[in-house]
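Report on the structure given below.
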Amino acid sequence: MPFSRLAAATTPTAHIGFGLAAVGRPGYITLGREADLPPSRSVEALRERTLELLDAAYALGVRYIDVARSYGRSEEFLADWLHARPDIRDVVIGSKWGYTYTAAWSADAVGPHEVKDHSVAAYLRQREESAQLLGERLDLYQIHSVTPESPALTDKELHAKLAELAAGGVSVGLSVSGPEQAAAIRAALAVTVDGEPLFRTVQATYNALETSAGPALAEAHDAGLTVLVKEAMANGRLADPHAPAPLREIAEATGLGCDAVALALVLRQPWAGVVLSGAATSVQLVSNLHAAAVDLDAEQLERLAGLTEEPVAYWGRRGQLPWH
């Protein structure tokens, strides 16, 4: 497992990863993002911002990088960074297939910015696209946003193709989304090929507002999977100035940002292997990484527990966030 490289890391930030969802394309749903990125959302402007952030993340001890076929040019930007720094061999690279980016590099695209397809044909096409950019540097390939009804959980032909990828040395995982994340995770744990579990990692949304996947993620961890956490900042809802009052008050008491406290809450979960930062600026990244220094007491944890929303309400709110 490539994640053994993280287990051996000594930096406190090694288990905070950096995801390129917010900087690999001109439009995304993170609150406040319109002020975070340069006025020009050109390919070159976002490439420059991404390379700057990757340099900062690596210098600060981050060792896991998360991209996806649907994150605009995220794989391309990451490939540029890796090619320019051939001596960097200790990062773990994960990408995802299953969504196709359809916004044509526009933040104001009409219709969906990405289209979901978990078919074998989509996998074969996107696997080749990822291979052309990342080659042998790809450590983990995940099915993007699996839900309980996804054919990816039952398609034996797809499972066989993914098992071939795993036999070639690339770990196979999945990400889950929606109010039924726990059901999708448990269904994935039952998927086997020739009697062996297919999935070695699971990536899920977990944050102070959405904790419903926690028990299933603990089960996945106990089954030997590496757990990656996405959207720990709830797409900006847990960052200033949008953070709820209890979180702001706890952050003030710690002397750190709301983002650091929100990420620290997730990092303390015993099943959390990697918690992703989706920073769009170097200042945000540094603030996010302060999470490793936050020590929450019992009273603070109880107050944060009071922020939890019902999954259907949380995902309904997420679905209404505008693309900036």
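Residue names in the structure tokens use chain letters A, B, ... in the order shown, residue numbers from 1 in each chain, and ligand numbers from 1 in the order shown.
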Point to revise | Spatial neighbours of Ala264 of chain A, 10 Å, only C-alpha atoms, chain gap at least 3 places, as a PyMOL selection string | key: chain A and resi 207+232+258-261+267-269+275+288-296
Review point. DSSP says alpha helix (DSSP H) for which residues of segment 69-119 of chain A? Put them as a VMD selection string?
Key: chain A and resid 74 to 84
How about saving the chosen residues, all heavy atoms kept, as an mmCIF file, in the first residue's frame?
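So again_27.cif came out as:
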```cif
data_model
loop_
_atom_site.group_PDB
_atom_site.id
_atom_site.type_symbol
_atom_site.label_atom_id
_atom_site.label_comp_id
_atom_site.auth_asym_id
_atom_site.auth_seq_id
_atom_site.Cartn_x
_atom_site.Cartn_y
_atom_site.Cartn_z
ATOM 1 N N SER A 74 -6.665 19.460 -13.290
ATOM 2 C CA SER A 74 -5.903 19.165 -12.073
ATOM 3 C C SER A 74 -4.819 18.118 -12.303
ATOM 4 O O SER A 74 -3.689 18.263 -11.814
ATOM 5 C CB SER A 74 -6.839 18.702 -10.952
ATOM 6 O OG SER A 74 -7.493 17.485 -11.288
ATOM 7 N N GLU A 75 -5.134 17.051 -13.031
ATOM 8 C CA GLU A 75 -4.111 16.031 -13.301
ATOM 9 C C GLU A 75 -2.968 16.624 -14.131
ATOM 10 O O GLU A 75 -1.798 16.313 -13.891
ATOM 11 C CB GLU A 75 -4.726 14.840 -14.034
ATOM 12 C CG GLU A 75 -5.594 13.942 -13.183
ATOM 13 C CD GLU A 75 -6.030 12.704 -13.930
ATOM 14 O OE1 GLU A 75 -6.098 12.729 -15.181
ATOM 15 O OE2 GLU A 75 -6.331 11.697 -13.278
ATOM 16 N N GLU A 76 -3.313 17.450 -15.100
ATOM 17 C CA GLU A 76 -2.298 18.089 -15.940
ATOM 18 C C GLU A 76 -1.389 18.997 -15.112
ATOM 19 O O GLU A 76 -0.159 18.955 -15.244
ATOM 20 C CB GLU A 76 -2.977 18.898 -17.039
ATOM 21 C CG GLU A 76 -2.030 19.683 -17.935
ATOM 22 C CD GLU A 76 -2.790 20.596 -18.892
ATOM 23 O OE1 GLU A 76 -3.889 20.217 -19.342
ATOM 24 O OE2 GLU A 76 -2.278 21.695 -19.180
ATOM 25 N N PHE A 77 -1.984 19.818 -14.245
ATOM 26 C CA PHE A 77 -1.193 20.713 -13.406
ATOM 27 C C PHE A 77 -0.277 19.911 -12.480
ATOM 28 O O PHE A 77 0.889 20.260 -12.284
ATOM 29 C CB PHE A 77 -2.109 21.614 -12.582
ATOM 30 C CG PHE A 77 -2.943 22.581 -13.384
ATOM 31 C CD1 PHE A 77 -3.997 23.264 -12.780
ATOM 32 C CD2 PHE A 77 -2.685 22.827 -14.719
ATOM 33 C CE1 PHE A 77 -4.771 24.168 -13.495
ATOM 34 C CE2 PHE A 77 -3.452 23.724 -15.448
ATOM 35 C CZ PHE A 77 -4.498 24.383 -14.832
ATOM 36 N N LEU A 78 -0.819 18.853 -11.884
ATOM 37 C CA LEU A 78 -0.006 18.017 -10.995
ATOM 38 C C LEU A 78 1.117 17.349 -11.761
ATOM 39 O O LEU A 78 2.261 17.277 -11.273
ATOM 40 C CB LEU A 78 -0.886 16.977 -10.314
ATOM 41 C CG LEU A 78 -0.166 15.952 -9.431
ATOM 42 C CD1 LEU A 78 0.632 16.635 -8.328
ATOM 43 C CD2 LEU A 78 -1.169 14.958 -8.850
ATOM 44 N N ALA A 79 0.834 16.880 -12.971
ATOM 45 C CA ALA A 79 1.872 16.252 -13.787
ATOM 46 C C ALA A 79 2.989 17.250 -14.095
ATOM 47 O O ALA A 79 4.188 16.898 -14.056
ATOM 48 C CB ALA A 79 1.272 15.705 -15.075
ATOM 49 N N ASP A 80 2.631 18.492 -14.386
ATOM 50 C CA ASP A 80 3.641 19.524 -14.636
ATOM 51 C C ASP A 80 4.552 19.678 -13.416
ATOM 52 O O ASP A 80 5.777 19.802 -13.540
ATOM 53 C CB ASP A 80 2.967 20.863 -14.945
ATOM 54 C CG ASP A 80 2.292 20.888 -16.294
ATOM 55 O OD1 ASP A 80 2.560 19.999 -17.114
ATOM 56 O OD2 ASP A 80 1.468 21.809 -16.521
ATOM 57 N N TRP A 81 3.936 19.703 -12.239
ATOM 58 C CA TRP A 81 4.704 19.867 -10.998
ATOM 59 C C TRP A 81 5.634 18.681 -10.770
ATOM 60 O O TRP A 81 6.813 18.858 -10.437
ATOM 61 C CB TRP A 81 3.724 20.023 -9.836
ATOM 62 C CG TRP A 81 4.369 20.313 -8.511
ATOM 63 C CD1 TRP A 81 4.893 21.506 -8.092
ATOM 64 C CD2 TRP A 81 4.544 19.389 -7.428
ATOM 65 N NE1 TRP A 81 5.382 21.385 -6.808
ATOM 66 C CE2 TRP A 81 5.180 20.099 -6.374
ATOM 67 C CE3 TRP A 81 4.214 18.051 -7.241
ATOM 68 C CZ2 TRP A 81 5.503 19.496 -5.160
ATOM 69 C CZ3 TRP A 81 4.533 17.454 -6.022
ATOM 70 C CH2 TRP A 81 5.167 18.165 -5.003
ATOM 71 N N LEU A 82 5.131 17.490 -10.967
ATOM 72 C CA LEU A 82 5.952 16.288 -10.756
ATOM 73 C C LEU A 82 7.099 16.225 -11.759
ATOM 74 O O LEU A 82 8.231 15.870 -11.392
ATOM 75 C CB LEU A 82 5.071 15.037 -10.881
ATOM 76 C CG LEU A 82 4.041 14.816 -9.771
ATOM 77 C CD1 LEU A 82 3.084 13.710 -10.158
ATOM 78 C CD2 LEU A 82 4.726 14.500 -8.445
ATOM 79 N N HIS A 83 6.832 16.561 -13.007
ATOM 80 C CA HIS A 83 7.887 16.502 -14.027
ATOM 81 C C HIS A 83 8.986 17.522 -13.754
ATOM 82 O O HIS A 83 10.162 17.284 -14.055
ATOM 83 C CB HIS A 83 7.286 16.746 -15.409
ATOM 84 C CG HIS A 83 6.404 15.634 -15.874
ATOM 85 N ND1 HIS A 83 5.407 15.802 -16.812
ATOM 86 C CD2 HIS A 83 6.357 14.319 -15.521
ATOM 87 C CE1 HIS A 83 4.782 14.663 -17.008
ATOM 88 N NE2 HIS A 83 5.335 13.744 -16.238
ATOM 89 N N ALA A 84 8.620 18.670 -13.185
ATOM 90 C CA ALA A 84 9.608 19.711 -12.894
ATOM 91 C C ALA A 84 10.407 19.414 -11.638
ATOM 92 O O ALA A 84 11.432 20.056 -11.388
ATOM 93 C CB ALA A 84 8.919 21.069 -12.757
#
```
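Between atom CA of Leu265 of chain A and atom CA of Arg317 of chain A there is a distance of 21.4 Å.
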Review point. What's the 9 Å shell around Pro311 of chain A, counting only C-alpha atoms, without same-chain residues fewer than 6 positions away, as a list in words?
Key: Gly178, Pro179, Glu180, Leu209, Glu210, Thr211 and Ser212 of chain A
Mind dumping the selected residues with all heavy atoms as a PDB file, in the first residue's frame?
```
ATOM      1  N   GLY A 178     -23.334  12.043  -0.743  1.00  0.00           N
ATOM      2  CA  GLY A 178     -24.768  12.022  -0.539  1.00  0.00           C
ATOM      3  C   GLY A 178     -25.178  11.544   0.841  1.00  0.00           C
ATOM      4  O   GLY A 178     -24.353  11.089   1.635  1.00  0.00           O
ATOM      5  N   PRO A 179     -26.454  11.658   1.142  1.00  0.00           N
ATOM      6  CA  PRO A 179     -26.927  11.337   2.491  1.00  0.00           C
ATOM      7  C   PRO A 179     -26.831   9.869   2.869  1.00  0.00           C
ATOM      8  O   PRO A 179     -26.989   9.523   4.039  1.00  0.00           O
ATOM      9  CB  PRO A 179     -28.390  11.798   2.467  1.00  0.00           C
ATOM     10  CG  PRO A 179     -28.768  11.841   1.021  1.00  0.00           C
ATOM     11  CD  PRO A 179     -27.521  12.194   0.280  1.00  0.00           C
ATOM     12  N   GLU A 180     -26.564   8.990   1.895  1.00  0.00           N
ATOM     13  CA  GLU A 180     -26.442   7.564   2.181  1.00  0.00           C
ATOM     14  C   GLU A 180     -25.000   7.074   2.038  1.00  0.00           C
ATOM     15  O   GLU A 180     -24.757   5.945   1.621  1.00  0.00           O
ATOM     16  CB  GLU A 180     -27.373   6.768   1.277  1.00  0.00           C
ATOM     17  CG  GLU A 180     -28.847   7.071   1.482  1.00  0.00           C
ATOM     18  CD  GLU A 180     -29.732   6.194   0.630  1.00  0.00           C
ATOM     19  OE1 GLU A 180     -29.982   6.580  -0.518  1.00  0.00           O
ATOM     20  OE2 GLU A 180     -30.132   5.121   1.111  1.00  0.00           O
ATOM     21  N   LEU A 209     -20.533  19.379  10.511  1.00  0.00           N
ATOM     22  CA  LEU A 209     -21.946  19.432  10.158  1.00  0.00           C
ATOM     23  C   LEU A 209     -22.484  18.089   9.679  1.00  0.00           C
ATOM     24  O   LEU A 209     -23.690  17.830   9.786  1.00  0.00           O
ATOM     25  CB  LEU A 209     -22.169  20.482   9.056  1.00  0.00           C
ATOM     26  CG  LEU A 209     -21.685  21.899   9.350  1.00  0.00           C
ATOM     27  CD1 LEU A 209     -21.906  22.791   8.130  1.00  0.00           C
ATOM     28  CD2 LEU A 209     -22.384  22.477  10.570  1.00  0.00           C
ATOM     29  N   GLU A 210     -21.619  17.255   9.116  1.00  0.00           N
ATOM     30  CA  GLU A 210     -22.040  15.988   8.512  1.00  0.00           C
ATOM     31  C   GLU A 210     -21.176  14.856   9.048  1.00  0.00           C
ATOM     32  O   GLU A 210     -20.060  14.632   8.586  1.00  0.00           O
ATOM     33  CB  GLU A 210     -21.896  16.071   6.997  1.00  0.00           C
ATOM     34  CG  GLU A 210     -22.989  15.371   6.183  1.00  0.00           C
ATOM     35  CD  GLU A 210     -23.210  13.883   6.446  1.00  0.00           C
ATOM     36  OE1 GLU A 210     -23.161  13.467   7.628  1.00  0.00           O
ATOM     37  OE2 GLU A 210     -23.451  13.166   5.489  1.00  0.00           O
ATOM     38  N   THR A 211     -21.693  14.140  10.049  1.00  0.00           N
ATOM     39  CA  THR A 211     -20.914  13.086  10.711  1.00  0.00           C
ATOM     40  C   THR A 211     -21.514  11.696  10.495  1.00  0.00           C
ATOM     41  O   THR A 211     -21.047  10.718  11.087  1.00  0.00           O
ATOM     42  CB  THR A 211     -20.845  13.352  12.224  1.00  0.00           C
ATOM     43  OG1 THR A 211     -22.180  13.332  12.778  1.00  0.00           O
ATOM     44  CG2 THR A 211     -20.203  14.702  12.524  1.00  0.00           C
ATOM     45  N   SER A 212     -22.509  11.581   9.637  1.00  0.00           N
ATOM     46  CA  SER A 212     -23.267  10.334   9.548  1.00  0.00           C
ATOM     47  C   SER A 212     -22.443   9.152   9.054  1.00  0.00           C
ATOM     48  O   SER A 212     -22.779   8.001   9.340  1.00  0.00           O
ATOM     49  CB  SER A 212     -24.488  10.523   8.641  1.00  0.00           C
ATOM     50  OG  SER A 212     -24.106  10.822   7.315  1.00  0.00           O
TER      51      SER A 212
END
```
Practice item. Enter the distance from atom CA of Ile16 of chain A to atom CA of Thr226 of chain A, in Å, rounded to one decimal. Key: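 Atom-to-atom, atom CA of Ile16 of chain A to atom CA of Thr226 of chain A, that is 13.4 Å.
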Review point. Any idea what's packed within 7 Å of segment 298-303 of chain A, counting only C-alpha atoms, ignoring anything in its chain fewer than 3 positions away? Could you give it as a ChimeraX atom specification?
Key: /A:246,250,306
Point to revise | Shortest interatomic distance to Thr11 of chain A - which of A:Ala59, A:Trp315, A:Glu136, A:Thr50, counting only C-alpha atoms | key: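 Answer, going by the shortest atom-to-atom distance: A:Ala59.
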Review point. Which residue, A:Thr192, A:Ser177, A:Asn235, A:Gln284, has the smallest gap to Ala160 of chain A when you use only C-alpha atoms?
Key: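 Of all the options, A:Thr192 lies closest to Ala160 of chain A.
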Exercise for review: Could you give me, as JSON, numbers by chain, each residue of segment 143-311 of chain A that DSSP assigns to strand (DSSP E) when run on this structure's backbone?
Suggested key: {"A": [143, 144, 145, 146, 171, 172, 173, 174, 175, 176, 192, 193, 196, 197, 201, 202, 203, 204, 205, 226, 227, 228, 229, 230, 274, 275, 276, 277]}
Review point. Of the candidates A:Gly173, A:Pro215, A:Arg137, A:Asp108, which shows the shortest atom-to-atom distance to Pro197 of chain A, using only C-alpha atoms?
Key: A:Gly173
Point to revise | Selection near Leu285 of chain A, 12 Å with only C-alpha atoms, sequence-local residues under 3 positions removed, as a ChimeraX atom specification | key: /A:13,16-20,36,50,52-62,257,259-260,263,276-282,288-291
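The environment of Leu31 of chain A within 9 Å, counting only C-alpha atoms and disregarding residues fewer than 2 places along the same chain, consists of A:Tyr28, A:Ile29, A:Arg33, A:Glu34, A:Asn235, A:Gly236, A:Arg237, A:Ala239, A:His242, A:Leu321, A:Pro322, A:Trp323, A:His324.
Counting only C-alpha atoms, the residue from A:Ala272, A:Val67, A:Leu225, A:Ala204 that sits nearest to Ser130 of chain A is A:Val67.
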Practice item. Please measure the separation of atom CA of Ala131 of chain A and atom CA of Tyr64 of chain A, giving the value in Å to one decimal. Key: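 These two atoms are separated by 18.3 Å.
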Exercise for review: List the neighbours of Gly168 of chain A out to 12 Å using only C-alpha atoms; skip same-chain residues closer than 4 positions along the sequence, and give me the result as a PyMOL selection string.
Suggested key: chain A and resi 136+138-141+161-164+172
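The residue that comes closest to Ile93 of chain A, out of A:Pro148, A:Leu46, A:Leu6, A:Gly24 and on the basis of only C-alpha atoms, is A:Leu6.
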